[in-house]
$ cat entry_32.txt   # compact mmCIF, C-alpha atoms and all ligand atoms
# COMPACT_ATOMS: atom_id res chain seq x y z
CA MET X 1 -17.10 -44.56 -60.77
CA MET X 2 -16.55 -46.21 -64.13
CA THR X 3 -16.97 -49.95 -64.26
CA GLN X 4 -13.60 -51.42 -65.09
CA THR X 5 -13.82 -52.87 -68.58
CA ASN X 6 -10.23 -53.92 -69.11
CA ILE X 7 -8.12 -56.44 -67.17
CA ASN X 8 -6.43 -55.69 -63.87
CA GLN X 9 -2.87 -56.70 -62.91
CA LYS X 10 -3.85 -60.30 -62.21
CA GLY X 11 -5.72 -60.72 -65.47
CA TYR X 12 -9.26 -60.31 -64.19
CA TYR X 13 -12.18 -58.55 -65.80
CA GLY X 14 -14.23 -57.91 -62.65
CA ASN X 15 -14.83 -61.38 -61.18
CA PHE X 16 -13.71 -63.29 -64.26
CA GLY X 17 -10.42 -64.34 -65.82
CA GLY X 18 -7.18 -65.23 -64.06
CA ALA X 19 -4.95 -68.19 -64.80
CA TYR X 20 -6.18 -71.48 -63.33
CA ILE X 21 -3.54 -73.78 -64.70
CA PRO X 22 -1.69 -76.93 -63.63
CA GLU X 23 1.69 -76.22 -62.09
CA MET X 24 3.45 -77.79 -65.07
CA LEU X 25 2.03 -75.15 -67.39
CA TYR X 26 3.11 -72.28 -65.17
CA PRO X 27 6.52 -71.56 -66.82
CA ASN X 28 4.97 -71.31 -70.31
CA VAL X 29 2.15 -69.02 -69.27
CA GLU X 30 4.46 -66.94 -67.09
CA GLU X 31 6.92 -66.42 -69.97
CA LEU X 32 4.09 -65.13 -72.10
CA LYS X 33 2.69 -62.94 -69.33
CA GLN X 34 6.07 -61.33 -68.67
CA ASN X 35 6.71 -60.55 -72.33
CA TYR X 36 3.57 -60.02 -74.38
CA LEU X 37 2.93 -56.34 -73.66
CA LYS X 38 6.59 -55.44 -74.04
CA ILE X 39 6.86 -57.20 -77.41
CA ILE X 40 3.54 -55.92 -78.77
CA GLY X 41 4.64 -52.41 -77.86
CA GLN X 42 7.88 -52.57 -79.84
CA LYS X 43 8.05 -50.54 -83.02
CA ASP X 44 9.54 -53.29 -85.21
CA PHE X 45 6.77 -55.64 -84.06
CA GLN X 46 4.05 -53.11 -84.90
CA ASP X 47 5.67 -52.29 -88.25
CA GLU X 48 5.85 -55.96 -89.29
CA LEU X 49 2.31 -56.68 -88.10
CA THR X 50 0.84 -53.60 -89.79
CA LEU X 51 2.49 -54.41 -93.12
CA LEU X 52 1.30 -58.03 -93.09
CA LEU X 53 -2.21 -57.03 -92.04
CA LYS X 54 -2.26 -54.71 -95.04
CA ASP X 55 -0.64 -56.76 -97.78
CA PHE X 56 -1.21 -60.36 -96.65
CA VAL X 57 -4.59 -60.13 -94.89
CA GLY X 58 -6.04 -57.26 -96.92
CA ARG X 59 -6.76 -54.68 -94.21
CA PRO X 60 -8.33 -52.30 -93.64
CA THR X 61 -11.54 -54.23 -94.30
CA PRO X 62 -14.35 -52.02 -95.64
CA LEU X 63 -17.11 -50.56 -93.50
CA TYR X 64 -20.03 -51.01 -95.86
CA PHE X 65 -23.31 -49.09 -95.61
CA ALA X 66 -25.91 -51.81 -96.19
CA HIS X 67 -28.52 -49.77 -98.02
CA ASN X 68 -31.14 -52.46 -98.53
CA LEU X 69 -30.84 -53.91 -95.05
CA SER X 70 -31.08 -50.40 -93.59
CA GLU X 71 -34.23 -49.73 -95.57
CA LYS X 72 -35.81 -52.98 -94.44
CA TYR X 73 -35.17 -52.26 -90.75
CA ASN X 74 -35.74 -48.50 -91.11
CA THR X 75 -32.39 -47.59 -89.54
CA GLN X 76 -28.73 -47.07 -90.55
CA ILE X 77 -26.76 -50.33 -90.75
CA TYR X 78 -23.04 -50.63 -91.49
CA LEU X 79 -21.28 -53.96 -91.99
CA LYS X 80 -17.65 -54.34 -90.92
CA ARG X 81 -16.38 -56.70 -93.59
CA GLU X 82 -14.11 -59.12 -91.72
CA ASP X 83 -15.38 -61.73 -94.18
CA LEU X 84 -13.09 -60.15 -96.77
CA ASN X 85 -9.92 -60.97 -94.83
CA HIS X 86 -7.57 -63.60 -96.25
CA THR X 87 -8.87 -67.03 -95.10
CA GLY X 88 -12.38 -65.62 -94.81
CA ALA X 89 -12.78 -64.44 -91.23
CA HIS X 90 -11.36 -62.35 -88.40
CA LYS X 91 -9.32 -65.23 -86.96
CA ILE X 92 -6.19 -64.38 -88.95
CA ASN X 93 -5.82 -61.03 -87.11
CA ASN X 94 -5.02 -63.05 -84.01
CA THR X 95 -2.94 -65.87 -85.49
CA LEU X 96 -0.72 -63.37 -87.31
CA GLY X 97 -0.15 -61.36 -84.13
CA GLN X 98 0.62 -64.45 -82.08
CA ILE X 99 3.05 -65.97 -84.56
CA LEU X 100 5.07 -62.74 -84.71
CA LEU X 101 5.14 -62.83 -80.91
CA ALA X 102 6.22 -66.49 -80.93
CA LYS X 103 9.10 -65.67 -83.28
CA ARG X 104 10.33 -62.98 -80.89
CA LEU X 105 10.15 -65.50 -78.04
CA ASN X 106 12.44 -67.74 -80.16
CA LYS X 107 9.86 -70.49 -80.59
CA GLN X 108 10.22 -72.78 -83.60
CA LYS X 109 7.01 -74.75 -83.34
CA ILE X 110 3.35 -73.84 -83.15
CA ILE X 111 0.45 -75.84 -81.79
CA ALA X 112 -3.24 -75.00 -81.90
CA GLU X 113 -6.63 -76.52 -81.18
CA THR X 114 -9.51 -76.29 -83.57
CA GLY X 115 -13.19 -77.24 -83.61
CA ALA X 116 -14.66 -76.41 -86.99
CA GLY X 117 -11.18 -76.00 -88.43
CA GLN X 118 -11.33 -72.24 -89.04
CA HIS X 119 -8.74 -71.43 -86.39
CA GLY X 120 -6.67 -74.40 -87.55
CA VAL X 121 -6.64 -73.01 -91.09
CA ALA X 122 -5.76 -69.49 -89.90
CA THR X 123 -2.92 -70.95 -87.82
CA ALA X 124 -1.63 -73.23 -90.60
CA THR X 125 -1.68 -70.22 -92.94
CA VAL X 126 0.57 -68.03 -90.80
CA CYS X 127 2.86 -71.00 -90.05
CA ALA X 128 3.36 -71.51 -93.78
CA LEU X 129 4.05 -67.79 -94.12
CA MET X 130 6.63 -67.80 -91.33
CA GLY X 131 8.17 -71.20 -91.96
CA MET X 132 7.14 -72.61 -88.59
CA GLU X 133 6.24 -76.22 -87.87
CA CYS X 134 2.50 -76.47 -87.22
CA THR X 135 0.55 -79.11 -85.31
CA VAL X 136 -3.22 -78.75 -84.98
CA TYR X 137 -5.21 -80.83 -82.52
CA MET X 138 -8.71 -81.62 -83.65
CA GLY X 139 -11.38 -83.97 -82.28
CA GLU X 140 -11.80 -87.17 -84.28
CA VAL X 141 -15.50 -86.39 -84.72
CA ASP X 142 -14.73 -82.88 -86.00
CA ILE X 143 -12.13 -84.22 -88.46
CA GLU X 144 -14.87 -86.34 -89.96
CA ARG X 145 -17.38 -83.40 -90.03
CA GLN X 146 -15.02 -80.74 -91.38
CA LYS X 147 -13.16 -82.43 -94.21
CA PRO X 148 -12.54 -79.36 -96.42
CA ASN X 149 -10.77 -77.52 -93.58
CA VAL X 150 -8.71 -80.61 -92.72
CA ALA X 151 -7.64 -80.71 -96.37
CA ARG X 152 -6.77 -77.01 -96.27
CA MET X 153 -4.57 -77.43 -93.20
CA LYS X 154 -2.75 -80.35 -94.84
CA MET X 155 -2.29 -78.41 -98.07
CA LEU X 156 -0.69 -75.63 -95.99
CA GLY X 157 1.73 -78.14 -94.48
CA ALA X 158 0.21 -78.58 -91.02
CA LYS X 159 0.03 -81.86 -89.14
CA VAL X 160 -3.53 -82.58 -87.97
CA VAL X 161 -3.59 -84.78 -84.87
CA PRO X 162 -6.91 -86.40 -83.91
CA ALA X 163 -8.07 -86.08 -80.30
CA THR X 164 -9.61 -89.43 -79.44
CA SER X 165 -10.64 -88.95 -75.80
CA GLY X 166 -13.99 -87.87 -74.35
CA SER X 167 -16.52 -86.58 -76.87
CA LYS X 168 -13.72 -86.28 -79.48
CA THR X 169 -14.55 -82.62 -80.13
CA LEU X 170 -13.15 -79.15 -79.36
CA LYS X 171 -12.70 -79.45 -75.60
CA ASP X 172 -10.79 -82.72 -76.03
CA ALA X 173 -8.60 -81.17 -78.72
CA THR X 174 -7.88 -78.30 -76.28
CA ASN X 175 -6.87 -80.79 -73.58
CA GLU X 176 -4.49 -82.53 -76.00
CA ALA X 177 -2.93 -79.22 -77.05
CA MET X 178 -2.38 -78.26 -73.38
CA ARG X 179 -0.73 -81.64 -72.73
CA HIS X 180 1.55 -81.17 -75.73
CA TRP X 181 2.55 -77.70 -74.49
CA ILE X 182 3.38 -79.00 -71.00
CA ASN X 183 5.74 -81.53 -72.58
CA ASN X 184 7.37 -79.03 -75.00
CA PRO X 185 7.64 -75.77 -73.06
CA THR X 186 10.82 -74.31 -74.53
CA ASP X 187 10.46 -74.58 -78.31
CA THR X 188 6.66 -74.38 -78.72
CA HIS X 189 4.06 -71.61 -78.65
CA TYR X 190 0.38 -72.46 -78.27
CA ILE X 191 -1.86 -70.19 -80.40
CA ILE X 192 -5.28 -70.12 -78.73
CA GLY X 193 -8.04 -69.09 -81.14
CA SER X 194 -10.32 -66.89 -79.06
CA VAL X 195 -10.45 -64.61 -76.01
CA VAL X 196 -10.45 -67.67 -73.74
CA GLY X 197 -7.82 -69.59 -71.78
CA PRO X 198 -5.57 -68.45 -68.94
CA HIS X 199 -4.36 -64.87 -68.60
CA PRO X 200 -2.74 -63.35 -70.69
CA TYR X 201 -4.54 -65.03 -73.60
CA PRO X 202 -7.91 -63.23 -73.35
CA ASP X 203 -6.23 -59.83 -73.19
CA MET X 204 -3.61 -60.68 -75.82
CA VAL X 205 -6.18 -61.98 -78.32
CA ALA X 206 -8.47 -58.99 -77.66
CA ARG X 207 -5.56 -56.63 -78.43
CA PHE X 208 -4.86 -58.39 -81.73
CA GLN X 209 -8.54 -58.22 -82.69
CA ALA X 210 -8.87 -54.59 -81.53
CA ILE X 211 -7.81 -53.48 -85.02
CA ILE X 212 -11.49 -54.06 -85.94
CA SER X 213 -12.86 -51.28 -83.71
CA GLU X 214 -9.84 -49.07 -84.39
CA GLU X 215 -10.78 -49.14 -88.08
CA ILE X 216 -14.51 -48.75 -87.39
CA LYS X 217 -13.83 -45.48 -85.54
CA LYS X 218 -11.73 -44.08 -88.37
CA GLN X 219 -14.12 -45.23 -91.08
CA LEU X 220 -17.22 -43.89 -89.33
CA PHE X 221 -15.48 -40.57 -88.86
CA GLU X 222 -14.62 -40.41 -92.54
CA LYS X 223 -18.18 -41.25 -93.56
CA LEU X 224 -20.24 -39.44 -90.94
CA GLY X 225 -17.95 -37.09 -89.06
CA ARG X 226 -18.49 -39.06 -85.85
CA GLU X 227 -16.39 -41.92 -84.46
CA ASN X 228 -19.02 -43.70 -82.42
CA PRO X 229 -22.03 -45.69 -83.55
CA ASP X 230 -25.07 -46.14 -81.32
CA TYR X 231 -24.78 -49.94 -81.42
CA VAL X 232 -22.07 -52.48 -82.14
CA ILE X 233 -23.38 -56.00 -82.70
CA ALA X 234 -21.29 -59.18 -82.95
CA CYS X 235 -21.74 -62.92 -82.52
CA VAL X 236 -20.06 -64.58 -79.57
CA GLY X 237 -18.53 -68.05 -79.50
CA GLY X 238 -15.47 -67.62 -77.29
CA GLY X 239 -15.86 -63.93 -78.06
CA SER X 240 -12.83 -62.80 -80.08
CA ASN X 241 -14.56 -61.02 -82.98
CA ALA X 242 -16.91 -59.35 -80.49
CA ALA X 243 -13.98 -58.35 -78.27
CA GLY X 244 -12.27 -56.77 -81.28
CA ALA X 245 -15.40 -54.95 -82.42
CA PHE X 246 -16.15 -53.68 -78.88
CA TYR X 247 -12.60 -52.90 -77.75
CA HIS X 248 -12.27 -49.19 -78.49
CA PHE X 249 -15.87 -48.52 -77.44
CA LEU X 250 -15.70 -50.19 -74.01
CA GLU X 251 -15.33 -46.90 -72.16
CA ASP X 252 -17.90 -45.01 -74.27
CA LYS X 253 -21.11 -45.76 -72.43
CA ASN X 254 -23.20 -44.22 -75.22
CA VAL X 255 -22.21 -47.06 -77.53
CA LYS X 256 -24.42 -50.06 -76.81
CA LEU X 257 -22.53 -53.34 -77.06
CA ILE X 258 -24.64 -56.28 -78.20
CA GLY X 259 -23.54 -59.92 -78.32
CA ALA X 260 -25.38 -62.77 -80.03
CA GLU X 261 -25.02 -66.24 -78.54
CA ALA X 262 -26.16 -69.46 -80.16
CA ALA X 263 -29.41 -70.77 -78.65
CA GLY X 264 -29.28 -73.86 -80.88
CA LEU X 265 -32.71 -75.49 -80.95
CA GLY X 266 -33.83 -73.16 -78.13
CA VAL X 267 -32.51 -72.29 -74.67
CA SER X 268 -34.69 -74.89 -72.93
CA SER X 269 -34.32 -77.60 -75.57
CA GLY X 270 -31.27 -79.29 -74.06
CA LYS X 271 -29.53 -78.59 -77.38
CA SER X 272 -28.13 -75.09 -76.99
CA ALA X 273 -24.91 -73.13 -76.66
CA ALA X 274 -26.44 -70.08 -74.89
CA THR X 275 -23.81 -69.93 -72.17
CA LEU X 276 -24.97 -66.71 -70.51
CA VAL X 277 -28.58 -67.91 -70.22
CA LEU X 278 -27.78 -71.44 -69.10
CA GLY X 279 -24.35 -71.20 -67.50
CA LYS X 280 -22.91 -70.66 -64.04
CA THR X 281 -19.53 -69.46 -62.84
CA GLY X 282 -16.79 -72.07 -63.03
CA ILE X 283 -13.35 -72.77 -64.45
CA LEU X 284 -12.92 -73.67 -68.12
CA HIS X 285 -9.64 -73.97 -70.01
CA GLY X 286 -7.68 -72.06 -67.41
CA SER X 287 -9.99 -69.16 -66.76
CA LYS X 288 -12.79 -68.33 -64.34
CA THR X 289 -15.83 -67.58 -66.42
CA ILE X 290 -19.43 -68.53 -67.10
CA LEU X 291 -19.94 -71.99 -68.55
CA MET X 292 -22.61 -74.59 -69.14
CA GLN X 293 -22.22 -77.31 -66.53
CA THR X 294 -24.12 -80.01 -64.68
CA GLU X 295 -25.03 -79.80 -60.97
CA ASP X 296 -21.71 -81.42 -60.09
CA GLY X 297 -19.68 -79.17 -62.38
CA GLN X 298 -19.16 -81.37 -65.45
CA VAL X 299 -19.04 -79.41 -68.71
CA VAL X 300 -22.23 -79.82 -70.76
CA GLU X 301 -21.90 -80.60 -74.48
CA PRO X 302 -23.17 -77.55 -76.38
CA HIS X 303 -25.16 -77.53 -79.61
CA SER X 304 -25.34 -74.97 -82.39
CA ILE X 305 -25.84 -75.28 -86.13
CA SER X 306 -22.71 -73.11 -86.46
CA ALA X 307 -19.56 -74.97 -85.50
CA GLY X 308 -17.82 -71.74 -84.49
CA LEU X 309 -20.35 -70.92 -81.75
CA ASP X 310 -20.55 -74.49 -80.47
CA TYR X 311 -18.57 -73.78 -77.29
CA PRO X 312 -19.74 -74.41 -73.69
CA GLY X 313 -18.12 -71.27 -72.25
CA ILE X 314 -17.51 -67.62 -73.05
CA GLY X 315 -14.41 -65.46 -72.63
CA PRO X 316 -14.04 -63.67 -69.27
CA MET X 317 -14.38 -60.22 -70.86
CA HIS X 318 -17.89 -61.06 -72.00
CA ALA X 319 -18.81 -62.74 -68.70
CA HIS X 320 -17.91 -59.40 -67.10
CA LEU X 321 -19.73 -57.26 -69.68
CA PHE X 322 -22.79 -59.44 -69.00
CA GLU X 323 -22.53 -59.33 -65.20
CA SER X 324 -21.84 -55.58 -65.10
CA LYS X 325 -24.64 -55.00 -67.66
CA ARG X 326 -22.25 -53.06 -69.92
CA GLY X 327 -23.19 -55.48 -72.69
CA ASP X 328 -26.55 -56.93 -73.74
CA PHE X 329 -26.61 -60.50 -74.97
CA TYR X 330 -29.28 -62.18 -77.07
CA ALA X 331 -29.72 -65.92 -77.60
CA ILE X 332 -30.43 -66.63 -81.28
CA THR X 333 -31.80 -69.98 -82.42
CA ASP X 334 -30.51 -72.01 -85.36
CA ASP X 335 -33.67 -71.12 -87.31
CA GLU X 336 -33.39 -67.38 -86.64
CA ALA X 337 -29.75 -67.40 -87.74
CA MET X 338 -30.48 -69.38 -90.91
CA GLN X 339 -33.21 -66.90 -91.87
CA ALA X 340 -30.94 -63.92 -91.25
CA GLY X 341 -28.20 -65.56 -93.34
CA LEU X 342 -30.57 -66.04 -96.27
CA LEU X 343 -31.91 -62.49 -95.98
CA LEU X 344 -28.44 -60.92 -96.20
CA SER X 345 -27.60 -63.11 -99.18
CA ARG X 346 -30.79 -62.15 -101.00
CA ILE X 347 -30.90 -58.41 -100.35
CA GLU X 348 -27.24 -57.43 -100.05
CA GLY X 349 -25.50 -60.10 -102.13
CA ILE X 350 -23.33 -61.22 -99.21
CA ILE X 351 -23.44 -64.82 -97.96
CA PRO X 352 -22.39 -64.65 -94.30
CA ALA X 353 -20.91 -67.40 -92.12
CA ILE X 354 -23.64 -68.99 -90.00
CA GLU X 355 -21.85 -67.68 -86.88
CA THR X 356 -22.18 -64.16 -88.28
CA ALA X 357 -25.84 -64.75 -89.17
CA HIS X 358 -26.54 -64.91 -85.41
CA ALA X 359 -25.44 -61.27 -85.11
CA LEU X 360 -27.64 -60.30 -88.07
CA ALA X 361 -30.66 -61.95 -86.42
CA VAL X 362 -30.43 -59.40 -83.57
CA LEU X 363 -31.94 -56.88 -86.03
CA ASP X 364 -35.29 -58.58 -85.35
CA LYS X 365 -34.90 -58.28 -81.56
CA ILE X 366 -34.41 -54.55 -81.03
CA ASN X 367 -36.55 -51.57 -82.05
CA PHE X 368 -34.01 -49.25 -83.60
CA LYS X 369 -34.66 -45.59 -84.32
CA LYS X 370 -34.43 -44.33 -87.89
CA GLU X 371 -31.33 -42.25 -87.07
CA ASP X 372 -29.50 -44.96 -85.09
CA ILE X 373 -26.08 -45.89 -86.42
CA ILE X 374 -25.56 -49.64 -86.12
CA VAL X 375 -22.35 -51.49 -86.88
CA ILE X 376 -22.60 -55.25 -87.30
CA ASN X 377 -19.33 -57.14 -87.32
CA LEU X 378 -19.47 -59.47 -90.32
CA SER X 379 -17.05 -61.96 -88.78
CA GLY X 380 -16.79 -64.37 -91.71
CA ARG X 381 -17.97 -65.49 -95.12
CA GLY X 382 -20.39 -68.32 -95.73
CA ASP X 383 -18.46 -70.41 -98.24
CA LYS X 384 -17.56 -72.95 -95.56
CA ASP X 385 -21.25 -73.25 -94.62
CA LEU X 386 -22.81 -73.76 -98.03
CA GLU X 387 -23.49 -77.43 -97.39
CA THR X 388 -25.31 -76.58 -94.15
CA TYR X 389 -27.32 -73.83 -95.84
CA ILE X 390 -28.21 -76.11 -98.74
CA ASN X 391 -29.26 -79.00 -96.51
CA TYR X 392 -31.32 -76.63 -94.36
CA TYR X 393 -33.15 -74.98 -97.25
CA GLY X 394 -33.22 -78.03 -99.51
CA PHE X 395 -32.13 -75.96 -102.54
C1 LIG X 401 -14.66 -68.85 -85.09
C2 LIG X 401 -15.67 -67.93 -85.61
C3 LIG X 401 -16.54 -67.23 -84.73
C4 LIG X 401 -16.57 -67.44 -83.25
O1 LIG X 401 -15.40 -67.12 -82.58
P1 LIG X 401 -15.25 -65.81 -81.68
O2 LIG X 401 -13.98 -66.03 -80.95
O3 LIG X 401 -16.44 -65.75 -80.78
O4 LIG X 401 -15.21 -64.66 -82.59
C5 LIG X 401 -17.43 -66.32 -85.29
N1 LIG X 401 -17.50 -66.12 -86.63
C6 LIG X 401 -16.70 -66.78 -87.48
C7 LIG X 401 -16.83 -66.51 -88.94
C8 LIG X 401 -15.75 -67.71 -87.01
O5 LIG X 401 -14.97 -68.35 -87.87
$ encode --input "entry_32.txt" --output "structure tokens" --more "lines below"
Ligand SMILES: *Cc1c(COP(=O)(O)O)cnc(C)c1O
Amino acid sequence: MMTQTNINQKGYYGNFGGAYIPEMLYPNVEELKQNYLKIIGQKDFQDELTLLLKDFVGRPTPLYFAHNLSEKYNTQIYLKREDLNHTGAHKINNTLGQILLAKRLNKQKIIAETGAGQHGVATATVCALMGMECTVYMGEVDIERQKPNVARMKMLGAKVVPATSGSKTLKDATNEAMRHWINNPTDTHYIIGSVVGPHPYPDMVARFQAIISEEIKKQLFEKLGRENPDYVIACVGGGSNAAGAFYHFLEDKNVKLIGAEAAGLGVSSGKSAATLVLGKTGILHGSKTILMQTEDGQVVEPHSISAGLDYPGIGPMHAHLFESKRGDFYAITDDEAMQAGLLLSRIEGIIPAIETAHALAVLDKINFKKEDIIVINLSGRGDKDLETYINYYGF
């Protein structure tokens, strides 16, 4: 029997997923659940999305044969260039899909949470495009740490609301966004930024990101006459770029699916975000998944040098891929990622986001064969991380 890799009727991937939400959120989530597949399936929806992905986002993104990197690792490495999307990462694939859905649900207002600000920027961008009112919740600490992205959101016309409770970071911003949604159920859509949250979010976001693997298949076929690589490698924060890169390969057991988590200063350092190594099953942001928690179930503050991987949980799809052993996950330290980021810059002329650099660092962890075809999802560009790179290397 095949292991089930997609969600069942109730929104579970194996033992993970579901919708663990307060009663007051039920109508909002139910409205979405009843409508998302129907709307996504409509021709006018697909036509509008496809055109905007092409002309506004810049898709299809290239699948680039990284000659120098391939030579160094003595194998065949292709980079899926999500860094070339408008706004610099894969996140816009999802925000664009969700805002078109929100319009068809007659919503006038959009809310979002953001940690590093990347999802906030991608949301503010599509709100400007569609003329929708945009409110982004962001931890007070993150607002201070991520000033350029706060400025971008404001330039795009979004309201940035500081979350001042708890640790004043991403999970507190998420709580504030949920509270806002409970109080404004009829006119507001909540755009979640990864394959996390209550069903149907993980499945909906995965579908919007699935364009990545759809293109990989076509592009590999054009280049090599075969649709499937031997490996697909992606970094995993909540898991949306990985979900998109894996999506159309989930049922092809010959394609090895590799995720890279952030180990921070090391998995046993107390300063890590390696959820699958350190976590246990629990409920986080409305879904049953694997998360880092204390003995009595309090969420542990994660650490990673990359703000986008600094999340204490992982989407339910990846928890299932891990548990069912369909996916292999590696924990990459800050140092390993920073080295991989510098290497790509120096030998391929591409400065990757530090999140993405975690996926590149997997090249040092596996013994590939010369003829292996490897696709690495280059989730984002490193412009936003230059200060971190510079401070780290002391250039
Ligand atoms: C946000 C972000 C990530 C992590 O999010 P996922 O949902 O795990 O993809 C990875 N890379 C970049 C460039 C990001 O901006």
$ residues_around --input "entry_32.txt" --residues "Thr281 in chain X" --least-positions-apart "2" --cutoff "9 Å" --atoms "all atoms listed in the file" --output "count of residues only"
9
$ atom_distance --input "entry_32.txt" --atom1 "CA of Val29 in chain X" --atom2 "CA of Thr114 in chain X"
19.8 Å
$ residues_near_ligand --input "entry_32.txt" --ligand "ligand LIG 401 (chain X)" --cutoff "7 Å" --atoms "only C-alpha atoms and all ligand atoms" --output "list in words"
Ala89, His90, Lys91, Gln118, His119, Gly193, Ser194, Val195, Cys235, Val236, Gly237, Gly238, Gly239, Ser240, Asn241, Ala242, Gly308, Leu309, Ala353, Glu355, Thr356, Ser379, Gly380 and Arg381 of chain X
$ write_last_selection --input "entry_32.txt" --atoms "C-alpha atoms" --output "PDB file, keeping the file's coordinate frame"
ATOM      1  CA  ALA X  89     -12.780 -64.440 -91.230  1.00  0.00           C
ATOM      2  CA  HIS X  90     -11.360 -62.350 -88.400  1.00  0.00           C
ATOM      3  CA  LYS X  91      -9.320 -65.230 -86.960  1.00  0.00           C
ATOM      4  CA  GLN X 118     -11.330 -72.240 -89.040  1.00  0.00           C
ATOM      5  CA  HIS X 119      -8.740 -71.430 -86.390  1.00  0.00           C
ATOM      6  CA  GLY X 193      -8.040 -69.090 -81.140  1.00  0.00           C
ATOM      7  CA  SER X 194     -10.320 -66.890 -79.060  1.00  0.00           C
ATOM      8  CA  VAL X 195     -10.450 -64.610 -76.010  1.00  0.00           C
ATOM      9  CA  CYS X 235     -21.740 -62.920 -82.520  1.00  0.00           C
ATOM     10  CA  VAL X 236     -20.060 -64.580 -79.570  1.00  0.00           C
ATOM     11  CA  GLY X 237     -18.530 -68.050 -79.500  1.00  0.00           C
ATOM     12  CA  GLY X 238     -15.470 -67.620 -77.290  1.00  0.00           C
ATOM     13  CA  GLY X 239     -15.860 -63.930 -78.060  1.00  0.00           C
ATOM     14  CA  SER X 240     -12.830 -62.800 -80.080  1.00  0.00           C
ATOM     15  CA  ASN X 241     -14.560 -61.020 -82.980  1.00  0.00           C
ATOM     16  CA  ALA X 242     -16.910 -59.350 -80.490  1.00  0.00           C
ATOM     17  CA  GLY X 308     -17.820 -71.740 -84.490  1.00  0.00           C
ATOM     18  CA  LEU X 309     -20.350 -70.920 -81.750  1.00  0.00           C
ATOM     19  CA  ALA X 353     -20.910 -67.400 -92.120  1.00  0.00           C
ATOM     20  CA  GLU X 355     -21.850 -67.680 -86.880  1.00  0.00           C
ATOM     21  CA  THR X 356     -22.180 -64.160 -88.280  1.00  0.00           C
ATOM     22  CA  SER X 379     -17.050 -61.960 -88.780  1.00  0.00           C
ATOM     23  CA  GLY X 380     -16.790 -64.370 -91.710  1.00  0.00           C
ATOM     24  CA  ARG X 381     -17.970 -65.490 -95.120  1.00  0.00           C
TER      25      ARG X 381
END
$ residues_around --input "entry_32.txt" --residues "range 135-151 of chain X" --least-positions-apart "2" --cutoff "8 Å" --atoms "only C-alpha atoms" --output "MDAnalysis selection string"
chainID X and resid 110:118 120:121 133 153:155 158:164 167:170 172:174 176:177
$ write_last_selection --input "entry_32.txt" --atoms "C-alpha atoms" --output "PDB file, keeping the file's coordinate frame"
ATOM      1  CA  ILE X 110       3.350 -73.840 -83.150  1.00  0.00           C
ATOM      2  CA  ILE X 111       0.450 -75.840 -81.790  1.00  0.00           C
ATOM      3  CA  ALA X 112      -3.240 -75.000 -81.900  1.00  0.00           C
ATOM      4  CA  GLU X 113      -6.630 -76.520 -81.180  1.00  0.00           C
ATOM      5  CA  THR X 114      -9.510 -76.290 -83.570  1.00  0.00           C
ATOM      6  CA  GLY X 115     -13.190 -77.240 -83.610  1.00  0.00           C
ATOM      7  CA  ALA X 116     -14.660 -76.410 -86.990  1.00  0.00           C
ATOM      8  CA  GLY X 117     -11.180 -76.000 -88.430  1.00  0.00           C
ATOM      9  CA  GLN X 118     -11.330 -72.240 -89.040  1.00  0.00           C
ATOM     10  CA  GLY X 120      -6.670 -74.400 -87.550  1.00  0.00           C
ATOM     11  CA  VAL X 121      -6.640 -73.010 -91.090  1.00  0.00           C
ATOM     12  CA  GLU X 133       6.240 -76.220 -87.870  1.00  0.00           C
ATOM     13  CA  MET X 153      -4.570 -77.430 -93.200  1.00  0.00           C
ATOM     14  CA  LYS X 154      -2.750 -80.350 -94.840  1.00  0.00           C
ATOM     15  CA  MET X 155      -2.290 -78.410 -98.070  1.00  0.00           C
ATOM     16  CA  ALA X 158       0.210 -78.580 -91.020  1.00  0.00           C
ATOM     17  CA  LYS X 159       0.030 -81.860 -89.140  1.00  0.00           C
ATOM     18  CA  VAL X 160      -3.530 -82.580 -87.970  1.00  0.00           C
ATOM     19  CA  VAL X 161      -3.590 -84.780 -84.870  1.00  0.00           C
ATOM     20  CA  PRO X 162      -6.910 -86.400 -83.910  1.00  0.00           C
ATOM     21  CA  ALA X 163      -8.070 -86.080 -80.300  1.00  0.00           C
ATOM     22  CA  THR X 164      -9.610 -89.430 -79.440  1.00  0.00           C
ATOM     23  CA  SER X 167     -16.520 -86.580 -76.870  1.00  0.00           C
ATOM     24  CA  LYS X 168     -13.720 -86.280 -79.480  1.00  0.00           C
ATOM     25  CA  THR X 169     -14.550 -82.620 -80.130  1.00  0.00           C
ATOM     26  CA  LEU X 170     -13.150 -79.150 -79.360  1.00  0.00           C
ATOM     27  CA  ASP X 172     -10.790 -82.720 -76.030  1.00  0.00           C
ATOM     28  CA  ALA X 173      -8.600 -81.170 -78.720  1.00  0.00           C
ATOM     29  CA  THR X 174      -7.880 -78.300 -76.280  1.00  0.00           C
ATOM     30  CA  GLU X 176      -4.490 -82.530 -76.000  1.00  0.00           C
ATOM     31  CA  ALA X 177      -2.930 -79.220 -77.050  1.00  0.00           C
TER      32      ALA X 177
END
$ atom_distance --input "entry_32.txt" --atom1 "CA of Glu336 in chain X" --atom2 "CA of Phe322 in chain X"
22.1 Å
$ closest_residue --input "entry_32.txt" --among "X:Ser306, X:Gln42, X:Thr61, X:Thr186" --to "Lys80 in chain X" --atoms "only C-alpha atoms"
X:Thr61
$ closest_residue --input "entry_32.txt" --among "X:Pro202, X:Pro60, X:Gly11, X:Pro229" --to "Asn94 in chain X" --atoms "all atoms listed in the file"
X:Pro202
$ closest_residue --input "entry_32.txt" --among "X:Trp181, X:Tyr36, X:Phe56, X:Phe329" --to "Ile258 in chain X" --atoms "only C-alpha atoms"
X:Phe329
